[in-house]
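Structure, as structure tokens:
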Amino acid sequence: MSIHGPALHPGPVEPEKAASRREDAPPPPRPWTMIERGLAAVGLSGKALVIFAPALWLTLFFLVPLAVVLQISFSIKEFGRPPYSDMLSFAEDGTVQMTLHLSNYMRLFQDSLYVSAYFSSIRIALISTLIALLIGYPMAYAIARAPDRWRNILLMLVILPFWTSFLLRVYALSTFMRGNGVINNFLGLFGIPPIQMMQTDFAVYVGIVYTYLPFMILPLYTTLVKLDGALLEASADLGARPWRTFVSITLPLSMPGIIAGSMLVFIPAIGEFVIPSLLGGPGTLMIGRVLWDEFFANTNWPRAAAVAIAMLVVVVVPIMLMQRAQSAVVERR
Amino acid sequence: MRRGWFLPITTALGFGFLYGPILSLVIFSFNENRLVTVWSGFSLKWYGELFRDPQMLSAAWLSLQIAAVSATIALVLGTLCAVALVRFKKFRGRTALAGMSSAPLVMPDVITGLSLLLLFVAMESLLGWPRGRGSLTITIAHATFCLAYVCVVVQSRLVDLDLSLEEAAMDLGATPVRVFFDITLPIIAPALISGWLLAFTLSLDDLVIASFVSGPGSSTLPMVIFSKIRLGVSPDVNALATIIIGVVSLGVIAATLLQMRRPATKQGRG
Amino acid sequence: MARKPEIAADTRPWRDPSAKPFVRIRDVTKKFGDVAAVWNVSLDIYRTELFCLLGGSGSGKSTLLRMLAGFEEPTSGTIEIDGQDMSGVPPYNRPVNMMFQSYALFPHMSVEQNIAYGLKRDRLPRGEINDRVAELLSLVKLEDYGPRKPHQLSGGQRQRVALARALAKRPKLLLLDEPLGALDKKLREETQFELVKIQESLGVTFIVVTHDQEEAMTLATRIGVMNQGEIAMIGEPTDIYEFPNSRFVAGFIGSVNMVEGVVTEDEPDHVRIRSAELGCDIYVAHGVDCAPDQILWWAIRPEKMQLSREKPEASHDANVTSGVVEEIGYLGDMSVYQIALDSGKRIRVSQTNTVRGNPDAITWEEKVYVSWGDNAGSVLTV
């Protein structure tokens, strides 16, 4: 509007004012205008750069590495640097020979260690997820129904352990459960002999639940706190007792939270390395640990790569497909 | 609806489960005895030992540096990624970018670590870069998986953002880049801060990926801790844990108090 | 405003002192902390009534309704439904159903499943449930919508599903919390009559909570006006409108001109009130229970006054004053005139537009006389 100012005043414009107006016309150079001009000079629009930078990084450091893993999974262990055979060999007559070793994959099926490690990983992750759900659901429910001033504090208490070190919390749990740990010392007061908890599958369940419980509680809390109280009242009004209301209204409506929370526990649990290696016994087979040992103890990189590819196909891809299907359902609502 | 003993008791037991081990860790960090579970007297000697351990100190310093740099890289790239996915509805490869930016979230650490290591080895033999492995490769690896987390955090804030604010700025004559710096950035600043903190924490916490892509002489703090506690109990780790827990608790409590005092800007809870 | 169905004298049990009330609310108080949301309310509601609780937000009407449904327990006092004391009876054991303001339709269930929900809780046989659901769907004219989910319905359809669900168990008493509040104006007017029709055909007792006075006047057999947790007045819609018992009720319902005055003559058959605000005396042709020289208020509806250019004949030398037309609101069927009286007080007078395109109509800045009948206004002492 002020641009039209002079036109409304037909009188003579003082020279000083006119000058200052003329200066106003181009805006003073600011960082963003300079950024824009700079980009335009290189022939890049802002939009292209915004997409290009993360896309390039992710392609280079996420997509390409997976391709490299796939490639190396088809080679065999060799002594040297790097410790695997080349896929391509150049013969003297100018032909290129590509060698695909399938031995790593065949080994995965032949050696029962790998198959049972996959199954055992899935079993351990499933059971731990279930336990976390059984503990996390009542906690999330209680927090969602707590008075306002309590709710923030309780939520903070749920989130706080997440920000402390994961490794140190597993260590804390191990000092708690070991033979001369706090639990056994406590039981000892009542004359109960020490219980072997460490180096068992039980310790791994406890460890996974302990570290990932906050991930279960938070999504459950989010869906439960949004649950309309009028629906529960309507159910009671139509003759449903509290337990009936819980089963037919609360539980189905909190299903998105149950699924999200279970995924958040199940996904990291299935590839877990630290928990089985610190809390589990030698018999606790988990695929993450097998891969680690294959790489660090046996230095068999191609075998480790094959284990990783099989893990991707068996575990990660189904999870991603499931998540996509689920988010598609959510978006359609 | 259900009032009674069940919910409060389960909740109390749940919090006891979450905090019991942490509390015992803190208490026994002041124990004089080497056996972390037998109390024999108050002492600060493990704190002294911790600060005289050059391996621990240098690992902590390295971890902090790597975390700060990789979190910053992840913040910039993750924010750009989120802006691209939320604001640009149609461009070639959108699905691919969406997939690549969310896949690291479900990728087991062992696979991420292994694949990046194999990449770095292959690149070194092909291009001669990066020469050897160390803090640089760890930083790249951490930036990559943290990027995905930042992207998710910023994306959820951007989706909530009222588009008419940006339209109003454009209507008043601001160019798109200017709108981003004047309007969008200040509004999503809380998400950027929490995204950076999340990335920083994840990087500081990572053992598996760092173990794969680190080289000799570049041990991060989790790697040092892991090798110590693998051998058994070590009270100086208790002391370190107590310091970390103390710092984090102060930070989280301060953040919560700040949030509670400030009137809620978003409607509704959560 | 729509004409209410004619009610014969014998269908008004509240006029019969020997009639037994269906719902008896006695001295009910509900406190949240130190705040009393409902204060000492006593109320009788009779079988087949359509009773409206009318009040602004925070007047306690919803809390009273929730106590009837059993979601809140009274802090003191008793509630009886059909002769049964309701204290300690949980919502799921009460012979009462409620239609929620938000409808509270279960989003994960189809329309049929929503309606069948209460029947299933009574463990009725499947065939009987299906018949009842079909019956209710046809009652609310949604025969083809059974398999749909609530989010696939329009607002009006959802409202009807909520009504059908609440009626499914044949409750003795149906509570409706702002049943038409979420609908737009046109739909609301249509639905009002449907609601009354259903109520009359089923013979269920309805208690409706609303903040909309027009809705209350159209629907109700009787209205209870609530203010700050207390019942301000109970009566038939005509009583509430024509014979308000207090300044609050007079001002809350419809528009009204209210003036302050002093009693100068207090006889058994009439009173005379001097009002400086009106600039004239008010002659009221019935006795009023008041003291001489008492200050009281006189309220008159805009449509109960007449405008004229010439000074009309004043009976008893009262009930005529004069002023200048300041504003005219033309509403089509009538016009509302804002008159500035000589005292500075502004009053509103509405006149029916009986002549088409009247060139001779009273217009802006004209000096006019305002007059009214001996019994046109209400004398209020509180």
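For the structure tokens, the naming scheme is as follows: chains receive sequential letters (A, B, ...) according to their order of presentation, residues are indexed from 1 within each chain, and ligands are indexed from 1 in presentation order.
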Which residues of chain C come within 12 Å of chain A, and what is each one's closest atom pair and distance in Å (one decimal), counting only C-alpha atoms, sorted by chain and residue number, as CSV?
residue,atom,partner,partner_atom,distance
C:Arg66,CA,A:Glu233,CA,9.9
C:Met67,CA,A:Asp237,CA,12.0
C:Leu68,CA,A:Asp237,CA,10.9
C:Ala69,CA,A:Asp237,CA,7.1
C:Gly70,CA,A:Asp237,CA,8.2
C:Phe71,CA,A:Glu233,CA,7.3
C:Glu72,CA,A:Glu233,CA,10.8
C:Val89,CA,A:Asp237,CA,11.6
C:Pro90,CA,A:Ala236,CA,8.3
C:Pro91,CA,A:Asp237,CA,5.2
C:Tyr92,CA,A:Gly239,CA,3.8
C:Asn93,CA,A:Gly239,CA,6.3
C:Arg94,CA,A:Asp237,CA,7.8
C:Pro95,CA,A:Asp237,CA,9.2
C:Val96,CA,A:Asp237,CA,7.5
C:Asn97,CA,A:Asp237,CA,5.8
C:Met98,CA,A:Asp237,CA,6.7
C:Met99,CA,A:Ala234,CA,8.1
C:Phe100,CA,A:Ala230,CA,7.4
C:Gln101,CA,A:Ala230,CA,9.0
C:Ser102,CA,A:Ala230,CA,7.8
C:Tyr103,CA,A:Ala230,CA,8.4
C:Ala104,CA,A:Leu231,CA,5.0
C:Leu105,CA,A:Leu231,CA,6.9
C:Phe106,CA,A:Leu231,CA,6.5
C:Pro107,CA,A:Leu253,CA,8.1
C:His108,CA,A:Leu253,CA,7.1
C:Met109,CA,A:Ile249,CA,9.4
C:Gln113,CA,A:Ser248,CA,11.2
C:Asn114,CA,A:Ser235,CA,9.8
C:Ile115,CA,A:Leu238,CA,9.7
C:Ala116,CA,A:Leu238,CA,9.8
C:Tyr117,CA,A:Leu238,CA,7.2
C:Gly118,CA,A:Leu238,CA,4.5
C:Leu119,CA,A:Leu238,CA,8.0
C:Lys120,CA,A:Gly239,CA,9.0
C:Arg121,CA,A:Gly239,CA,5.8
C:Asp122,CA,A:Gly239,CA,7.4
C:Arg123,CA,A:Gly239,CA,10.5
C:Lys149,CA,A:Arg333,CA,11.0
C:Pro150,CA,A:Arg333,CA,11.5
C:His151,CA,A:Arg333,CA,8.5
C:Gln152,CA,A:Arg333,CA,10.0
C:Ala162,CA,A:Ala234,CA,10.0
C:Ala164,CA,A:Leu238,CA,11.9
C:Arg165,CA,A:Leu238,CA,8.5
C:Ala166,CA,A:Leu238,CA,7.5
C:Leu167,CA,A:Leu238,CA,9.9
C:Ala168,CA,A:Leu238,CA,9.1
C:Lys169,CA,A:Leu238,CA,7.8
C:Arg170,CA,A:Leu238,CA,10.9
C:Pro171,CA,A:Leu238,CA,9.8
C:Leu173,CA,A:Asp237,CA,12.0
C:Leu174,CA,A:Asp237,CA,10.8
C:Leu175,CA,A:Asp237,CA,10.5
C:Asp177,CA,A:Ala230,CA,11.6
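Residues of chain B having any atom within 6 Å of chain A, counting only C-alpha atoms, are Leu7, Thr11, Pro21, Ile22, Leu25, Thr37, Leu77, Leu80, Cys81, Ala84, Pro108, Ile111, Ser115, Leu116, Leu119, Arg178, Asp205 and Ile245 of chain B.
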For the residues in that selection, give me C-alpha atoms as a CSV table (one decimal), in the first residue's frame.
chain,number,residue,atom,x,y,z
B,7,LEU,CA,-3.7,-50.6,37.5
B,11,THR,CA,2.1,-49.4,37.1
B,21,PRO,CA,18.4,-51.7,38.2
B,22,ILE,CA,19.4,-48.1,37.5
B,25,LEU,CA,23.8,-49.1,39.7
B,37,THR,CA,26.8,-55.9,44.8
B,77,LEU,CA,20.1,-33.8,5.5
B,80,LEU,CA,15.9,-31.5,3.7
B,81,CYS,CA,14.6,-35.0,3.2
B,84,ALA,CA,11.1,-32.8,0.2
B,108,PRO,CA,19.1,-54.3,12.2
B,111,ILE,CA,23.3,-55.3,8.8
B,115,SER,CA,27.1,-53.2,4.8
B,116,LEU,CA,28.8,-49.9,5.5
B,119,LEU,CA,31.2,-50.4,1.2
B,178,ARG,CA,12.7,-16.8,2.3
B,205,ASP,CA,24.8,-44.9,22.3
B,245,ILE,CA,22.3,-40.7,34.2
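Nearest to Leu161 in chain B of all the residues B:Leu18, B:Val177, B:Ile187, B:Ala210 is B:Ile187, counting only C-alpha atoms.
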Point-to-point distance from CA of Ile66 in chain B to CA of Asp236 in chain B, Å rounded to tenths: 23.1 Å
If we count only C-alpha atoms and set the cut-off at 10 Å, which residues sit around range 231-238 of chain C, ignoring sequence neighbours fewer than 2 positions away in its own chain? Please answer as an mmCIF file with N, CA, C and O atoms, in the first residue's frame.
data_model
loop_
_atom_site.group_PDB
_atom_site.id
_atom_site.type_symbol
_atom_site.label_atom_id
_atom_site.label_comp_id
_atom_site.auth_asym_id
_atom_site.auth_seq_id
_atom_site.Cartn_x
_atom_site.Cartn_y
_atom_site.Cartn_z
ATOM 1 N N LYS C 4 -47.177 -26.325 18.317
ATOM 2 C CA LYS C 4 -46.989 -27.554 19.084
ATOM 3 C C LYS C 4 -48.273 -28.370 19.014
ATOM 4 O O LYS C 4 -49.354 -27.824 18.920
ATOM 5 N N ARG C 12 -51.747 -33.820 30.963
ATOM 6 C CA ARG C 12 -50.735 -33.008 31.633
ATOM 7 C C ARG C 12 -50.683 -33.401 33.103
ATOM 8 O O ARG C 12 -51.245 -32.713 33.951
ATOM 9 N N TRP C 14 -48.592 -33.152 35.332
ATOM 10 C CA TRP C 14 -47.984 -32.227 36.300
ATOM 11 C C TRP C 14 -48.995 -31.238 36.867
ATOM 12 O O TRP C 14 -48.708 -30.575 37.845
ATOM 13 N N VAL C 38 -24.285 -28.601 40.506
ATOM 14 C CA VAL C 38 -25.743 -28.663 40.651
ATOM 15 C C VAL C 38 -26.041 -28.397 42.116
ATOM 16 O O VAL C 38 -25.405 -28.969 42.995
ATOM 17 N N TRP C 39 -26.993 -27.513 42.388
ATOM 18 C CA TRP C 39 -27.226 -27.076 43.754
ATOM 19 C C TRP C 39 -28.684 -27.264 44.125
ATOM 20 O O TRP C 39 -29.550 -26.606 43.590
ATOM 21 N N ASN C 40 -28.931 -28.253 44.993
ATOM 22 C CA ASN C 40 -30.230 -28.402 45.627
ATOM 23 C C ASN C 40 -31.393 -28.421 44.628
ATOM 24 O O ASN C 40 -32.330 -27.649 44.742
ATOM 25 N N VAL C 41 -31.311 -29.311 43.676
ATOM 26 C CA VAL C 41 -32.333 -29.379 42.637
ATOM 27 C C VAL C 41 -33.375 -30.430 43.019
ATOM 28 O O VAL C 41 -33.034 -31.543 43.396
ATOM 29 N N SER C 42 -34.649 -30.039 42.965
ATOM 30 C CA SER C 42 -35.741 -30.996 43.117
ATOM 31 C C SER C 42 -36.623 -30.872 41.889
ATOM 32 O O SER C 42 -36.936 -29.765 41.456
ATOM 33 N N LEU C 43 -37.018 -32.022 41.353
ATOM 34 C CA LEU C 43 -37.701 -31.988 40.066
ATOM 35 C C LEU C 43 -38.501 -33.279 39.914
ATOM 36 O O LEU C 43 -38.006 -34.356 40.242
ATOM 37 N N ASP C 44 -39.740 -33.158 39.460
ATOM 38 C CA ASP C 44 -40.534 -34.347 39.149
ATOM 39 C C ASP C 44 -40.787 -34.381 37.655
ATOM 40 O O ASP C 44 -41.168 -33.369 37.060
ATOM 41 N N PHE C 51 -39.321 -33.631 28.475
ATOM 42 C CA PHE C 51 -38.908 -32.563 29.377
ATOM 43 C C PHE C 51 -37.592 -31.991 28.898
ATOM 44 O O PHE C 51 -36.647 -32.721 28.614
ATOM 45 N N CYS C 52 -37.500 -30.659 28.792
ATOM 46 C CA CYS C 52 -36.257 -30.022 28.358
ATOM 47 C C CYS C 52 -35.577 -29.347 29.535
ATOM 48 O O CYS C 52 -36.210 -28.588 30.275
ATOM 49 N N LEU C 53 -34.287 -29.640 29.704
ATOM 50 C CA LEU C 53 -33.474 -28.865 30.641
ATOM 51 C C LEU C 53 -32.760 -27.815 29.810
ATOM 52 O O LEU C 53 -31.944 -28.147 28.953
ATOM 53 N N LEU C 54 -33.093 -26.555 30.062
ATOM 54 C CA LEU C 54 -32.575 -25.475 29.226
ATOM 55 C C LEU C 54 -31.656 -24.599 30.075
ATOM 56 O O LEU C 54 -32.011 -24.241 31.202
ATOM 57 N N GLY C 55 -30.495 -24.280 29.529
ATOM 58 C CA GLY C 55 -29.589 -23.411 30.273
ATOM 59 C C GLY C 55 -28.348 -23.136 29.458
ATOM 60 O O GLY C 55 -28.070 -23.818 28.470
ATOM 61 N N SER C 59 -24.411 -24.257 33.377
ATOM 62 C CA SER C 59 -25.592 -24.089 34.216
ATOM 63 C C SER C 59 -25.902 -25.346 35.016
ATOM 64 O O SER C 59 -26.774 -25.339 35.858
ATOM 65 N N GLY C 60 -25.196 -26.458 34.711
ATOM 66 C CA GLY C 60 -25.390 -27.682 35.479
ATOM 67 C C GLY C 60 -26.350 -28.652 34.834
ATOM 68 O O GLY C 60 -26.595 -29.726 35.374
ATOM 69 N N LYS C 61 -26.879 -28.296 33.652
ATOM 70 C CA LYS C 61 -27.879 -29.165 33.041
ATOM 71 C C LYS C 61 -27.286 -30.506 32.612
ATOM 72 O O LYS C 61 -27.902 -31.547 32.806
ATOM 73 N N GLN C 213 -33.022 -22.187 23.065
ATOM 74 C CA GLN C 213 -34.359 -21.966 23.605
ATOM 75 C C GLN C 213 -35.430 -22.291 22.581
ATOM 76 O O GLN C 213 -36.493 -22.804 22.931
ATOM 77 N N GLU C 214 -35.134 -22.032 21.302
ATOM 78 C CA GLU C 214 -36.129 -22.309 20.272
ATOM 79 C C GLU C 214 -36.418 -23.801 20.221
ATOM 80 O O GLU C 214 -37.564 -24.234 20.128
ATOM 81 N N ALA C 216 -36.007 -25.927 22.655
ATOM 82 C CA ALA C 216 -36.745 -26.310 23.861
ATOM 83 C C ALA C 216 -38.228 -25.985 23.708
ATOM 84 O O ALA C 216 -39.096 -26.788 24.035
ATOM 85 N N MET C 217 -38.530 -24.787 23.184
ATOM 86 C CA MET C 217 -39.925 -24.367 23.040
ATOM 87 C C MET C 217 -40.650 -25.297 22.080
ATOM 88 O O MET C 217 -41.816 -25.634 22.282
ATOM 89 N N THR C 218 -39.984 -25.717 21.004
ATOM 90 C CA THR C 218 -40.632 -26.553 20.000
ATOM 91 C C THR C 218 -40.873 -27.958 20.521
ATOM 92 O O THR C 218 -41.913 -28.556 20.276
ATOM 93 N N LEU C 219 -39.862 -28.521 21.218
ATOM 94 C CA LEU C 219 -39.918 -29.929 21.581
ATOM 95 C C LEU C 219 -40.751 -30.193 22.824
ATOM 96 O O LEU C 219 -41.506 -31.152 22.890
ATOM 97 N N ALA C 220 -40.619 -29.319 23.827
ATOM 98 C CA ALA C 220 -40.904 -29.752 25.189
ATOM 99 C C ALA C 220 -42.376 -29.727 25.544
ATOM 100 O O ALA C 220 -43.148 -28.902 25.051
ATOM 101 N N THR C 221 -42.777 -30.672 26.403
ATOM 102 C CA THR C 221 -44.044 -30.506 27.117
ATOM 103 C C THR C 221 -43.814 -29.523 28.253
ATOM 104 O O THR C 221 -44.635 -28.658 28.515
ATOM 105 N N ARG C 222 -42.686 -29.692 28.951
ATOM 106 C CA ARG C 222 -42.315 -28.714 29.975
ATOM 107 C C ARG C 222 -40.831 -28.403 29.864
ATOM 108 O O ARG C 222 -40.046 -29.214 29.362
ATOM 109 N N ILE C 223 -40.473 -27.259 30.375
ATOM 110 C CA ILE C 223 -39.085 -26.816 30.326
ATOM 111 C C ILE C 223 -38.632 -26.529 31.748
ATOM 112 O O ILE C 223 -39.389 -25.959 32.546
ATOM 113 N N GLY C 224 -37.416 -26.953 32.088
ATOM 114 C CA GLY C 224 -36.796 -26.528 33.333
ATOM 115 C C GLY C 224 -35.624 -25.634 32.977
ATOM 116 O O GLY C 224 -34.664 -26.080 32.352
ATOM 117 N N VAL C 225 -35.733 -24.348 33.336
ATOM 118 C CA VAL C 225 -34.644 -23.423 33.017
ATOM 119 C C VAL C 225 -33.626 -23.485 34.149
ATOM 120 O O VAL C 225 -33.993 -23.356 35.322
ATOM 121 N N MET C 226 -32.370 -23.736 33.781
ATOM 122 C CA MET C 226 -31.343 -23.835 34.808
ATOM 123 C C MET C 226 -30.388 -22.664 34.740
ATOM 124 O O MET C 226 -30.072 -22.155 33.670
ATOM 125 N N ASN C 227 -29.937 -22.217 35.922
ATOM 126 C CA ASN C 227 -28.998 -21.104 36.006
ATOM 127 C C ASN C 227 -28.065 -21.352 37.180
ATOM 128 O O ASN C 227 -28.532 -21.513 38.306
ATOM 129 N N GLN C 228 -26.781 -21.404 36.898
ATOM 130 C CA GLN C 228 -25.757 -21.592 37.917
ATOM 131 C C GLN C 228 -26.073 -22.749 38.856
ATOM 132 O O GLN C 228 -26.001 -22.621 40.087
ATOM 133 N N GLY C 229 -26.459 -23.878 38.280
ATOM 134 C CA GLY C 229 -26.659 -25.085 39.073
ATOM 135 C C GLY C 229 -28.015 -25.198 39.717
ATOM 136 O O GLY C 229 -28.325 -26.205 40.343
ATOM 137 N N ILE C 240 -43.277 -20.208 30.432
ATOM 138 C CA ILE C 240 -41.902 -19.698 30.507
ATOM 139 C C ILE C 240 -41.789 -18.400 29.713
ATOM 140 O O ILE C 240 -41.160 -17.436 30.137
ATOM 141 N N TYR C 241 -42.441 -18.366 28.555
ATOM 142 C CA TYR C 241 -42.293 -17.207 27.675
ATOM 143 C C TYR C 241 -43.172 -16.040 28.147
ATOM 144 O O TYR C 241 -42.716 -14.904 28.230
ATOM 145 N N GLU C 242 -44.453 -16.354 28.460
ATOM 146 C CA GLU C 242 -45.392 -15.278 28.755
ATOM 147 C C GLU C 242 -45.389 -14.871 30.221
ATOM 148 O O GLU C 242 -45.685 -13.730 30.549
ATOM 149 N N PHE C 243 -45.093 -15.816 31.094
ATOM 150 C CA PHE C 243 -45.158 -15.499 32.525
ATOM 151 C C PHE C 243 -43.858 -15.867 33.233
ATOM 152 O O PHE C 243 -43.861 -16.707 34.133
ATOM 153 N N PRO C 244 -42.742 -15.295 32.817
ATOM 154 C CA PRO C 244 -41.479 -15.621 33.485
ATOM 155 C C PRO C 244 -41.543 -15.218 34.946
ATOM 156 O O PRO C 244 -42.233 -14.274 35.310
ATOM 157 N N ASN C 245 -40.840 -15.976 35.812
ATOM 158 C CA ASN C 245 -40.918 -15.705 37.240
ATOM 159 C C ASN C 245 -39.768 -14.849 37.736
ATOM 160 O O ASN C 245 -39.686 -14.530 38.908
ATOM 161 N N SER C 246 -38.816 -14.531 36.853
ATOM 162 C CA SER C 246 -37.671 -13.750 37.311
ATOM 163 C C SER C 246 -37.072 -13.001 36.133
ATOM 164 O O SER C 246 -37.363 -13.303 34.972
ATOM 165 N N PHE C 248 -34.038 -13.235 35.250
ATOM 166 C CA PHE C 248 -33.169 -14.145 34.505
ATOM 167 C C PHE C 248 -33.946 -14.884 33.433
ATOM 168 O O PHE C 248 -33.556 -14.924 32.271
ATOM 169 N N VAL C 249 -35.099 -15.471 33.821
ATOM 170 C CA VAL C 249 -35.865 -16.265 32.859
ATOM 171 C C VAL C 249 -36.401 -15.370 31.738
ATOM 172 O O VAL C 249 -36.335 -15.712 30.561
#
Can you list every residue in range 81-123 of chain A that DSSP puts in strand (DSSP E or B), as a count of residues only? 7
Just asking: which residues within range 83-211 of chain C are helix (DSSP H, G or I) according to DSSP, as JSON, numbers by chain? {"C": [91, 92, 93, 111, 112, 113, 114, 115, 116, 117, 118, 119, 120, 121, 126, 127, 128, 129, 130, 131, 132, 133, 134, 135, 136, 137, 138, 139, 143, 144, 145, 150, 151, 152, 155, 156, 157, 158, 159, 160, 161, 162, 163, 164, 165, 166, 167, 185, 186, 187, 188, 189, 190, 191, 192, 193, 194, 195, 196, 197, 198, 199, 200, 201, 202]}
Mind checking which residues fall within 12 Å of Leu142 in chain C, counting only C-alpha atoms, ignoring those fewer than 2 positions away in the same chain, and posting them as an MDAnalysis selection string? chainID C and resid 111:112 115 133:140 144:148 153:154 156:164
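Of note, CA of Thr264 in chain C and CA of Cys280 in chain C are spaced 12.3 Å apart.
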Quick one: distance from CA of Ala328 in chain A to CA of Leu185 in chain B in Å, one decimal? 29.0 Å
